[in-house]
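S.K.: model24.txt is the file, holding compact mmCIF, C-alpha atoms:
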# COMPACT_ATOMS: atom_id res chain seq x y z
CA MET J 1 -21.98 -8.02 11.28
CA THR J 2 -20.80 -4.76 12.81
CA VAL J 3 -17.70 -4.36 14.96
CA GLU J 4 -18.55 -1.92 17.72
CA SER J 5 -15.10 -0.92 18.95
CA THR J 6 -13.78 2.49 17.98
CA SER J 7 -10.44 4.20 17.80
CA VAL J 8 -9.59 7.88 18.02
CA THR J 9 -6.72 9.36 16.03
CA ALA J 10 -6.12 13.13 15.72
CA ASP J 11 -9.60 13.75 17.19
CA LEU J 12 -11.18 11.65 14.43
CA ILE J 13 -13.47 8.91 15.74
CA LEU J 14 -13.46 5.80 13.53
CA SER J 15 -15.38 2.57 13.76
CA ASP J 16 -13.44 -0.66 13.21
CA ALA J 17 -15.82 -2.51 10.90
CA GLY J 18 -13.45 -4.36 8.56
CA LEU J 19 -14.74 -7.71 7.29
CA ASP J 20 -13.14 -10.71 5.57
CA SER J 21 -12.23 -10.01 1.95
CA THR J 22 -13.22 -13.45 0.64
CA LEU J 23 -15.99 -15.98 1.18
CA ALA J 24 -15.67 -19.77 1.01
CA VAL J 25 -17.73 -21.40 -1.76
CA THR J 26 -18.02 -24.71 -3.61
CA ALA J 27 -17.98 -24.83 -7.41
CA LEU J 28 -18.02 -27.66 -9.97
CA ASP J 29 -15.06 -28.04 -12.30
CA GLU J 30 -15.01 -29.16 -15.93
CA TYR J 31 -15.40 -32.80 -14.82
CA GLY J 32 -18.38 -32.07 -12.61
CA GLU J 33 -16.25 -32.51 -9.52
CA PRO J 34 -16.78 -30.19 -6.51
CA ARG J 35 -13.96 -27.79 -5.78
CA GLU J 36 -13.64 -25.80 -2.57
CA GLY J 37 -12.51 -22.25 -3.12
CA HIS J 38 -13.16 -18.60 -2.45
CA VAL J 39 -14.82 -15.63 -4.12
CA ALA J 40 -14.05 -11.97 -3.53
CA ALA J 41 -16.56 -10.21 -1.31
CA GLU J 42 -18.65 -7.43 -2.87
CA ARG J 43 -20.60 -5.30 -0.45
CA ALA J 44 -22.62 -2.13 -0.94
CA LEU J 45 -21.69 0.75 1.35
CA THR J 46 -23.78 3.94 1.16
CA LEU J 47 -22.04 7.11 2.36
CA TYR J 48 -23.97 9.75 4.28
CA LEU J 49 -22.28 13.11 4.92
CA ASN J 50 -23.95 15.00 7.76
CA LYS J 51 -27.07 12.84 7.15
CA ARG J 52 -27.09 13.57 3.41
CA GLU J 53 -26.76 10.58 1.06
CA LEU J 54 -23.78 10.91 -1.27
CA VAL J 55 -22.99 7.70 -3.12
CA THR J 56 -23.00 3.92 -2.83
CA LEU J 57 -19.61 2.21 -3.19
CA MET J 58 -19.14 -1.47 -3.98
CA THR J 59 -16.27 -2.72 -1.82
CA LEU J 60 -14.63 -5.80 -0.32
CA GLY J 61 -15.32 -4.18 3.05
CA SER J 62 -11.90 -4.94 4.54
CA GLN J 63 -10.91 -1.32 5.31
CA PRO J 64 -14.13 0.68 4.99
CA GLU J 65 -13.12 3.62 7.19
CA MET J 66 -9.95 4.30 5.18
CA LEU J 67 -11.93 3.93 1.96
CA VAL J 68 -14.46 6.53 3.12
CA LEU J 69 -11.78 8.94 4.31
CA GLY J 70 -9.79 8.65 1.09
CA TRP J 71 -12.94 9.02 -1.01
CA LEU J 72 -13.74 12.30 0.76
CA ARG J 73 -10.19 13.49 0.12
CA ASN J 74 -10.05 12.55 -3.55
CA GLN J 75 -13.50 13.99 -4.22
CA ARG J 76 -12.24 17.24 -2.67
CA LEU J 77 -15.34 17.42 -0.46
CA VAL J 78 -13.12 18.05 2.56
CA GLN J 79 -9.75 19.79 2.41
CA GLN J 80 -8.17 18.63 5.70
CA VAL J 81 -8.53 15.44 7.71
CA GLU J 82 -9.11 17.61 10.79
CA GLN J 83 -12.47 18.67 9.30
CA VAL J 84 -13.83 15.14 9.76
CA ALA J 85 -15.20 14.33 13.22
CA VAL J 86 -16.69 10.82 12.89
CA ILE J 87 -16.78 7.94 10.39
CA GLN J 88 -19.05 5.16 11.62
CA VAL J 89 -19.58 2.10 9.40
CA ASP J 90 -22.54 -0.20 10.10
CA TRP J 91 -22.80 -3.29 7.88
CA GLU J 92 -26.25 -4.18 9.23
CA THR J 93 -27.58 -1.14 7.37
CA GLY J 94 -24.82 -1.00 4.76
CA ALA J 95 -24.14 2.61 5.66
CA ALA J 96 -21.20 4.85 6.56
CA ALA J 97 -22.22 7.88 8.60
CA ILE J 98 -19.78 10.78 8.27
CA GLN J 99 -19.90 13.85 10.48
CA THR J 100 -17.79 16.95 10.02
CA HIS J 101 -17.05 19.61 12.60
CA GLU J 102 -18.59 22.26 10.33
CA GLU J 103 -20.88 22.26 7.33
CA ILE J 104 -19.19 21.75 3.95
CA PRO J 105 -19.37 24.95 1.87
CA ASP J 106 -20.77 24.72 -1.68
CA LEU J 107 -21.77 21.09 -1.14
CA ASP J 108 -24.93 21.43 -3.23
CA SER J 109 -22.95 22.90 -6.10
CA ARG J 110 -20.32 20.16 -5.98
CA LEU J 111 -22.86 17.35 -5.81
CA SER J 112 -24.86 18.79 -8.70
CA ARG J 113 -21.90 18.21 -11.04
CA LYS J 114 -21.20 14.51 -11.50
CA THR J 115 -18.92 12.68 -13.92
CA VAL J 116 -19.22 8.91 -14.34
CA THR J 117 -15.69 7.69 -15.00
CA THR J 118 -14.20 4.51 -16.44
CA GLY J 119 -13.44 3.17 -12.97
CA CYS J 120 -14.42 -0.45 -12.26
CA GLY J 121 -18.03 -0.53 -11.16
CA GLN J 122 -18.48 2.95 -12.64
CA GLY J 123 -16.49 5.36 -10.55
CA THR J 124 -17.93 8.81 -9.94
CA VAL J 125 -16.24 12.18 -9.56
CA PHE J 126 -18.28 15.02 -8.05
CA GLY J 127 -17.66 18.65 -8.88
CA ASP J 128 -15.64 20.02 -11.77
CA MET J 129 -13.16 17.24 -12.56
CA MET J 130 -10.54 19.76 -13.75
CA GLU J 131 -11.05 22.08 -10.79
CA ASP J 132 -7.87 23.04 -8.92
CA LEU J 133 -5.61 20.99 -11.22
CA GLU J 134 -3.64 24.12 -12.09
CA LYS J 135 -2.56 24.35 -8.45
CA ILE J 136 -0.88 20.93 -8.48
CA SER J 137 2.92 21.02 -8.63
CA LEU J 138 4.72 17.67 -8.60
CA PRO J 139 8.46 17.16 -8.15
CA GLN J 140 10.36 15.76 -11.11
CA ILE J 141 12.44 12.93 -9.64
CA GLU J 142 14.79 10.42 -11.19
CA LEU J 143 13.45 6.94 -11.85
CA ARG J 144 15.90 4.10 -12.43
CA GLN J 145 15.22 0.95 -14.40
CA SER J 146 16.71 -1.18 -11.61
CA LEU J 147 14.23 0.34 -9.16
CA ILE J 148 11.28 -0.71 -11.35
CA TYR J 149 12.58 -4.26 -11.51
CA GLY J 150 13.20 -4.38 -7.76
CA LEU J 151 9.76 -3.00 -7.00
CA LEU J 152 7.98 -5.44 -9.34
CA LYS J 153 9.82 -8.29 -7.62
CA ALA J 154 8.75 -7.03 -4.19
CA LEU J 155 5.14 -6.70 -5.37
CA ASP J 156 5.10 -10.37 -6.38
CA GLN J 157 4.77 -11.19 -2.67
CA HIS J 158 1.38 -9.45 -2.54
CA ASN J 159 -1.90 -9.86 -4.48
CA GLN J 160 -3.02 -12.44 -1.90
CA ILE J 161 -6.75 -11.95 -2.46
CA TYR J 162 -6.28 -12.12 -6.23
CA ARG J 163 -4.42 -15.42 -5.93
CA ARG J 164 -7.07 -16.79 -3.61
CA ALA J 165 -10.24 -15.58 -5.34
CA GLY J 166 -9.43 -13.34 -8.32
CA ALA J 167 -11.84 -10.54 -9.30
CA VAL J 168 -9.93 -7.71 -7.59
CA HIS J 169 -7.45 -4.94 -8.40
CA GLY J 170 -4.39 -4.16 -6.30
CA CYS J 171 -2.76 -0.81 -5.58
CA ALA J 172 0.39 -0.01 -3.61
CA LEU J 173 2.05 3.03 -2.10
CA CYS J 174 5.81 2.59 -2.36
CA ARG J 175 8.99 4.36 -1.35
CA GLY J 176 11.79 2.90 -3.43
CA THR J 177 11.28 -0.86 -3.25
CA ASP J 178 9.56 -0.62 0.16
CA ILE J 179 5.82 -1.23 -0.04
CA LEU J 180 4.19 1.02 2.56
CA HIS J 181 0.58 0.04 1.86
CA PHE J 182 -0.91 -2.60 -0.43
CA VAL J 183 -4.68 -2.63 -0.90
CA GLU J 184 -6.83 -4.98 -2.96
CA GLU J 185 -10.37 -3.94 -3.81
CA VAL J 186 -13.28 -4.70 -6.14
CA GLY J 187 -12.44 -1.57 -8.14
CA ARG J 188 -9.09 0.12 -8.57
CA HIS J 189 -10.53 3.54 -7.65
CA ASN J 190 -11.60 2.13 -4.26
CA ALA J 191 -8.06 0.83 -3.71
CA VAL J 192 -6.64 4.28 -4.52
CA ASP J 193 -9.06 5.98 -2.14
CA THR J 194 -8.23 3.53 0.67
CA ILE J 195 -4.52 4.32 0.32
CA ALA J 196 -5.35 8.04 0.24
CA GLY J 197 -7.17 7.55 3.55
CA HIS J 198 -4.09 5.91 5.09
CA MET J 199 -1.87 8.74 3.82
CA TRP J 200 -4.18 11.35 5.33
CA MET J 201 -4.31 9.64 8.70
CA GLU J 202 -0.51 9.37 8.72
CA GLN J 203 -0.05 12.90 7.31
CA ALA J 204 2.23 11.27 4.72
CA ASP J 205 3.67 13.35 1.88
CA GLY J 206 3.63 11.83 -1.60
CA HIS J 207 6.63 13.66 -3.09
CA ASP J 208 9.03 10.70 -2.70
CA LYS J 209 6.51 7.93 -3.41
CA ILE J 210 5.62 5.67 -6.32
CA PHE J 211 2.04 4.53 -6.85
CA TYR J 212 1.49 1.07 -8.35
CA THR J 213 -1.76 -0.33 -9.73
CA THR J 214 -2.80 -3.48 -11.52
CA GLY J 215 -5.46 -1.49 -13.38
CA ARG J 216 -5.35 0.73 -16.43
CA LEU J 217 -4.17 4.32 -16.15
CA THR J 218 -7.26 6.40 -16.82
CA SER J 219 -7.88 10.11 -16.28
CA GLU J 220 -9.39 9.41 -12.85
CA MET J 221 -6.34 7.42 -11.77
CA VAL J 222 -3.91 10.15 -12.88
CA ILE J 223 -5.95 12.91 -11.21
CA LYS J 224 -6.20 11.07 -7.88
CA VAL J 225 -2.50 10.23 -7.76
CA ALA J 226 -1.58 13.83 -8.64
CA GLN J 227 -3.90 15.13 -5.89
CA MET J 228 -2.09 12.83 -3.46
CA GLY J 229 1.18 14.53 -4.48
CA ILE J 230 2.71 11.36 -5.98
CA PRO J 231 4.91 12.00 -9.05
CA ILE J 232 5.28 8.45 -10.44
CA LEU J 233 2.49 6.11 -11.54
CA LEU J 234 3.31 2.51 -12.45
CA SER J 235 0.92 -0.10 -13.84
CA ARG J 236 0.97 -3.58 -15.29
CA SER J 237 -1.93 -2.54 -17.53
CA GLY J 238 -2.31 0.08 -20.27
CA VAL J 239 -2.99 3.80 -20.63
CA THR J 240 -5.99 5.71 -21.96
CA GLN J 241 -5.73 8.82 -24.13
CA MET J 242 -7.02 11.18 -21.43
CA GLY J 243 -4.85 9.50 -18.83
CA LEU J 244 -1.79 10.29 -20.94
CA GLU J 245 -2.89 13.85 -21.69
CA LEU J 246 -3.45 14.59 -18.00
CA ALA J 247 -0.12 13.02 -17.02
CA GLN J 248 1.57 15.36 -19.50
CA LYS J 249 -0.37 18.33 -18.11
CA LEU J 250 0.22 17.51 -14.44
CA GLY J 251 3.77 16.20 -14.72
CA VAL J 252 3.07 12.61 -13.65
CA THR J 253 5.68 10.10 -14.82
CA LEU J 254 3.66 7.34 -16.46
CA VAL J 255 5.03 3.78 -16.77
CA ALA J 256 2.69 1.05 -18.00
CA ARG J 257 2.69 -2.55 -19.25
CA ALA J 258 5.20 -3.26 -16.48
CA LYS J 259 5.65 -6.99 -16.06
CA GLY J 260 8.81 -9.04 -15.80
CA GLU J 261 11.52 -7.04 -17.57
CA HIS J 262 9.15 -5.25 -19.92
CA PHE J 263 7.66 -1.78 -19.49
CA LEU J 264 6.67 1.25 -21.56
CA ILE J 265 7.35 4.85 -20.48
CA TYR J 266 4.54 7.04 -21.79
CA HIS J 267 5.55 10.24 -20.03
CA GLY J 268 8.57 11.35 -18.00
CA GLN J 269 11.23 9.83 -20.24
CA GLU J 270 13.63 12.63 -19.35
CA GLN J 271 13.64 11.47 -15.70
CA PHE J 272 14.39 7.85 -16.58
CA VAL J 273 17.79 6.15 -16.19
CA TYR J 274 18.47 2.91 -18.11
CA ASP J 275 20.85 1.29 -15.66
CA GLN J 276 19.80 -2.36 -16.02
CA PRO J 277 18.80 -3.10 -19.63
CA PRO J 278 17.88 -6.77 -20.14
CA LYS J 279 19.61 -8.91 -22.74
CA ARG J 280 17.82 -9.02 -26.07
CA LYS J 281 16.45 -12.36 -27.10
CA PRO J 282 18.01 -13.82 -30.26
CA GLY J 283 16.18 -12.54 -33.32
CA SER J 284 14.17 -9.95 -31.38
CA ALA J 285 13.48 -6.64 -33.10
CA LYS J 286 15.39 -3.59 -31.88
CA ALA J 287 13.12 -1.20 -29.99
Would you put the structure from the file into structure tokens?
M.R.:
Amino acid sequence: MTVESTSVTADLILSDAGLDSTLAVTALDEYGEPREGHVAAERALTLYLNKRELVTLMTLGSQPEMLVLGWLRNQRLVQQVEQVAVIQVDWETGAAAIQTHEEIPDLDSRLSRKTVTTGCGQGTVFGDMMEDLEKISLPQIELRQSLIYGLLKALDQHNQIYRRAGAVHGCALCRGTDILHFVEEVGRHNAVDTIAGHMWMEQADGHDKIFYTTGRLTSEMVIKVAQMGIPILLSRSGVTQMGLELAQKLGVTLVARAKGEHFLIYHGQEQFVYDQPPKRKPGSAKA
């Protein structure tokens, strides 16, 4: 099914082809009884840039235009949102047609260099993955323990698709305890790219934001968040070696294993303020 209506924002023509994120199914439980429920959608979307095939993304399909726009941004294939003229998603063909106002310079060179990352569903980064990282300068801002607890509590109200069907990751763009965007997707890298698309459309700056993810903090995750200008990365999952090394290099405050009152600060300890330490349980070891 394709939604034909379009919207125009900042001279960018977008289709409006979002689909339901879950599908109703019937499964048998451990007693052989039928149970009505839902599964997360997983749809293939092939991206074509100026009629050239780029990549196929596996996605829920709920916000495909923002996913495509954010993917272009985080792959550094376009530098400004104003370069993009049209994004048209057609689910009948499983394709997203992207047109730019001008040809993309060095496109062949960028596409010839491909890194398969640890992203869910095998994420891909085109071009030199370390290219332009030296130009990134992130603000070093204070992070309070009470803010982490308040934000985790606010995030409990989300994860609706996960509760309904499972099989997805969630990512959020936050300012303080305010959740500006929350996106669930088949893979965490798709959720990041969708939020990047929203930020680009809104011309939002990342300097005062916190990025939250349910997924692990890999090199790809750290690089994308740094490119979006966001100085703090928070996850309920763990950290990889390269993710930590890049956070140290780029100045990203890295907080992982964040659930309930527990968290681990892997980088950016000097910006952290312990203003709400929880009571130790009787007999617990001192950290």
S.K.: Taking into account only C-alpha atoms, which residue in the set J:Thr218, J:Thr177, J:Thr100, J:Gln83 is nearest to J:Lys51?
M.R.: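 Closest to J:Lys51 of all the choices is J:Thr100.
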S.K.: Interatomic distance between atom CA of J:Val183 and atom CA of J:Lys135?
M.R.: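 Distance between the two atoms: 28.1 Å.
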S.K.: Rank J:Arg188, J:His38, J:His262, J:Arg236 by their smallest atom-to-atom distance to J:Gln145, using all atoms listed in the file, and report the top residue only.
M.R.: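 Between J:Arg188, J:His38, J:His262, J:Arg236, the residue approaching J:Gln145 most closely is J:His262.
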S.K.: Taking into account only C-alpha atoms, which residue in the set J:Ile265, J:Ala24, J:Met58, J:Ala154 is nearest to J:His189?
M.R.: J:Met58
S.K.: Let me make sure I understand: among J:Glu103, J:Leu233, J:Ala196, J:Lys224, which one has the smallest atom-to-atom distance to J:Phe211 if we use all atoms listed in the file?
M.R.: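 Going through J:Glu103, J:Leu233, J:Ala196, J:Lys224 one by one, the smallest distance to J:Phe211 is for J:Leu233.
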S.K.: Leaving out stretch 269-276 of chain J and any residue of its chain fewer than 6 positions from it, which residues lie within 8 Å of it when counting all atoms listed in the file, given as a PDB file with C-alpha atoms, in the coordinates of the input?
M.R.:
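Result saved to selection-v1.pdb:
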ATOM      1  CA  GLN J 140      10.360  15.760 -11.110  1.00  0.00           C
ATOM      2  CA  ILE J 141      12.440  12.930  -9.640  1.00  0.00           C
ATOM      3  CA  GLU J 142      14.790  10.420 -11.190  1.00  0.00           C
ATOM      4  CA  LEU J 143      13.450   6.940 -11.850  1.00  0.00           C
ATOM      5  CA  ARG J 144      15.900   4.100 -12.430  1.00  0.00           C
ATOM      6  CA  GLN J 145      15.220   0.950 -14.400  1.00  0.00           C
ATOM      7  CA  SER J 146      16.710  -1.180 -11.610  1.00  0.00           C
ATOM      8  CA  THR J 253       5.680  10.100 -14.820  1.00  0.00           C
TER       9      THR J 253
END
S.K.: What's around J:Ile223 at 9 Å? Count only C-alpha atoms, leave out sequence neighbours fewer than 3 positions away in its own chain, and write the answer as number ranges by chain.
M.R.: J: 74, 129-130, 133, 218-220, 226-228, 243, 246-247, 250
S.K.: Using only C-alpha atoms, can you tell me which of J:Asp16, J:Asp132, J:Asp156, J:Asp205 comes closest to J:Trp91?
M.R.: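 Among J:Asp16, J:Asp132, J:Asp156, J:Asp205, it is J:Asp16 that comes nearest to J:Trp91.
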S.K.: For a quick check of your reading of the model, name the residues lying within 9 Å of the coordinate (-12.8, 5.8, 6.3), counting only C-alpha atoms, and write them as a ChimeraX atom specification.
M.R.: /J:14-15,63-72,87-89,96,98,194,197-198
S.K.: Missing atoms in stretch 191-202 of chain J need filling: write out all heavy atoms for it as a PDB file, in the frame of the given file.
M.R.:
ATOM      1  N   ALA J 191      -9.380   1.112  -4.270  1.00  0.00           N
ATOM      2  CA  ALA J 191      -8.060   0.830  -3.710  1.00  0.00           C
ATOM      3  C   ALA J 191      -7.249   2.119  -3.578  1.00  0.00           C
ATOM      4  O   ALA J 191      -6.560   2.341  -2.572  1.00  0.00           O
ATOM      5  CB  ALA J 191      -7.325  -0.185  -4.581  1.00  0.00           C
ATOM      6  N   VAL J 192      -7.330   2.989  -4.585  1.00  0.00           N
ATOM      7  CA  VAL J 192      -6.640   4.280  -4.520  1.00  0.00           C
ATOM      8  C   VAL J 192      -7.152   5.101  -3.346  1.00  0.00           C
ATOM      9  O   VAL J 192      -6.379   5.665  -2.565  1.00  0.00           O
ATOM     10  CB  VAL J 192      -6.819   5.079  -5.827  1.00  0.00           C
ATOM     11  CG1 VAL J 192      -6.115   6.432  -5.730  1.00  0.00           C
ATOM     12  CG2 VAL J 192      -6.285   4.308  -7.015  1.00  0.00           C
ATOM     13  N   ASP J 193      -8.472   5.172  -3.212  1.00  0.00           N
ATOM     14  CA  ASP J 193      -9.060   5.980  -2.140  1.00  0.00           C
ATOM     15  C   ASP J 193      -8.676   5.435  -0.764  1.00  0.00           C
ATOM     16  O   ASP J 193      -8.430   6.213   0.174  1.00  0.00           O
ATOM     17  CB  ASP J 193     -10.576   6.017  -2.277  1.00  0.00           C
ATOM     18  CG  ASP J 193     -11.041   6.852  -3.466  1.00  0.00           C
ATOM     19  OD1 ASP J 193     -10.232   7.645  -3.985  1.00  0.00           O
ATOM     20  OD2 ASP J 193     -12.204   6.704  -3.885  1.00  0.00           O
ATOM     21  N   THR J 194      -8.613   4.118  -0.616  1.00  0.00           N
ATOM     22  CA  THR J 194      -8.230   3.530   0.670  1.00  0.00           C
ATOM     23  C   THR J 194      -6.804   3.928   1.036  1.00  0.00           C
ATOM     24  O   THR J 194      -6.512   4.284   2.194  1.00  0.00           O
ATOM     25  CB  THR J 194      -8.366   2.004   0.631  1.00  0.00           C
ATOM     26  OG1 THR J 194      -9.722   1.657   0.315  1.00  0.00           O
ATOM     27  CG2 THR J 194      -7.993   1.386   1.972  1.00  0.00           C
ATOM     28  N   ILE J 195      -5.898   3.888   0.062  1.00  0.00           N
ATOM     29  CA  ILE J 195      -4.520   4.320   0.320  1.00  0.00           C
ATOM     30  C   ILE J 195      -4.473   5.806   0.633  1.00  0.00           C
ATOM     31  O   ILE J 195      -3.729   6.244   1.523  1.00  0.00           O
ATOM     32  CB  ILE J 195      -3.620   3.964  -0.872  1.00  0.00           C
ATOM     33  CG1 ILE J 195      -3.432   2.445  -0.931  1.00  0.00           C
ATOM     34  CG2 ILE J 195      -2.271   4.670  -0.768  1.00  0.00           C
ATOM     35  CD1 ILE J 195      -2.620   1.946  -2.102  1.00  0.00           C
ATOM     36  N   ALA J 196      -5.288   6.601  -0.057  1.00  0.00           N
ATOM     37  CA  ALA J 196      -5.350   8.040   0.240  1.00  0.00           C
ATOM     38  C   ALA J 196      -5.806   8.271   1.677  1.00  0.00           C
ATOM     39  O   ALA J 196      -5.317   9.184   2.359  1.00  0.00           O
ATOM     40  CB  ALA J 196      -6.302   8.738  -0.731  1.00  0.00           C
ATOM     41  N   GLY J 197      -6.729   7.440   2.158  1.00  0.00           N
ATOM     42  CA  GLY J 197      -7.170   7.550   3.550  1.00  0.00           C
ATOM     43  C   GLY J 197      -6.037   7.255   4.522  1.00  0.00           C
ATOM     44  O   GLY J 197      -5.855   7.973   5.515  1.00  0.00           O
ATOM     45  N   HIS J 198      -5.246   6.220   4.238  1.00  0.00           N
ATOM     46  CA  HIS J 198      -4.090   5.910   5.090  1.00  0.00           C
ATOM     47  C   HIS J 198      -3.098   7.074   5.089  1.00  0.00           C
ATOM     48  O   HIS J 198      -2.562   7.454   6.143  1.00  0.00           O
ATOM     49  CB  HIS J 198      -3.397   4.644   4.595  1.00  0.00           C
ATOM     50  CG  HIS J 198      -4.065   3.372   5.011  1.00  0.00           C
ATOM     51  ND1 HIS J 198      -4.095   2.949   6.320  1.00  0.00           N
ATOM     52  CD2 HIS J 198      -4.734   2.438   4.288  1.00  0.00           C
ATOM     53  CE1 HIS J 198      -4.750   1.801   6.394  1.00  0.00           C
ATOM     54  NE2 HIS J 198      -5.144   1.465   5.183  1.00  0.00           N
ATOM     55  N   MET J 199      -2.820   7.634   3.909  1.00  0.00           N
ATOM     56  CA  MET J 199      -1.870   8.740   3.820  1.00  0.00           C
ATOM     57  C   MET J 199      -2.349   9.938   4.631  1.00  0.00           C
ATOM     58  O   MET J 199      -1.550  10.618   5.295  1.00  0.00           O
ATOM     59  CB  MET J 199      -1.650   9.144   2.359  1.00  0.00           C
ATOM     60  CG  MET J 199      -0.891   8.127   1.522  1.00  0.00           C
ATOM     61  SD  MET J 199      -0.672   8.675  -0.192  1.00  0.00           S
ATOM     62  CE  MET J 199       0.461  10.085   0.043  1.00  0.00           C
ATOM     63  N   TRP J 200      -3.643  10.197   4.589  1.00  0.00           N
ATOM     64  CA  TRP J 200      -4.180  11.350   5.330  1.00  0.00           C
ATOM     65  C   TRP J 200      -4.067  11.122   6.826  1.00  0.00           C
ATOM     66  O   TRP J 200      -3.691  12.026   7.570  1.00  0.00           O
ATOM     67  CB  TRP J 200      -5.627  11.568   4.920  1.00  0.00           C
ATOM     68  CG  TRP J 200      -5.910  13.002   4.573  1.00  0.00           C
ATOM     69  CD1 TRP J 200      -5.015  14.022   4.483  1.00  0.00           C
ATOM     70  CD2 TRP J 200      -7.180  13.556   4.257  1.00  0.00           C
ATOM     71  NE1 TRP J 200      -5.644  15.185   4.134  1.00  0.00           N
ATOM     72  CE2 TRP J 200      -6.981  14.917   3.988  1.00  0.00           C
ATOM     73  CE3 TRP J 200      -8.461  13.036   4.164  1.00  0.00           C
ATOM     74  CZ2 TRP J 200      -8.018  15.779   3.636  1.00  0.00           C
ATOM     75  CZ3 TRP J 200      -9.497  13.883   3.810  1.00  0.00           C
ATOM     76  CH2 TRP J 200      -9.273  15.233   3.558  1.00  0.00           C
ATOM     77  N   MET J 201      -4.397   9.927   7.272  1.00  0.00           N
ATOM     78  CA  MET J 201      -4.310   9.640   8.700  1.00  0.00           C
ATOM     79  C   MET J 201      -2.867   9.735   9.197  1.00  0.00           C
ATOM     80  O   MET J 201      -2.611  10.150  10.331  1.00  0.00           O
ATOM     81  CB  MET J 201      -4.858   8.236   8.974  1.00  0.00           C
ATOM     82  CG  MET J 201      -6.371   8.148   8.890  1.00  0.00           C
ATOM     83  SD  MET J 201      -7.215   9.125  10.163  1.00  0.00           S
ATOM     84  CE  MET J 201      -6.790   8.186  11.625  1.00  0.00           C
ATOM     85  N   GLU J 202      -1.930   9.343   8.339  1.00  0.00           N
ATOM     86  CA  GLU J 202      -0.510   9.370   8.720  1.00  0.00           C
ATOM     87  C   GLU J 202       0.156  10.702   8.396  1.00  0.00           C
ATOM     88  O   GLU J 202       1.340  10.891   8.716  1.00  0.00           O
ATOM     89  CB  GLU J 202       0.223   8.242   7.993  1.00  0.00           C
ATOM     90  CG  GLU J 202      -0.272   6.855   8.365  1.00  0.00           C
ATOM     91  CD  GLU J 202       0.157   5.795   7.366  1.00  0.00           C
ATOM     92  OE1 GLU J 202       0.939   6.122   6.441  1.00  0.00           O
ATOM     93  OE2 GLU J 202      -0.293   4.641   7.499  1.00  0.00           O
TER      94      GLU J 202
END
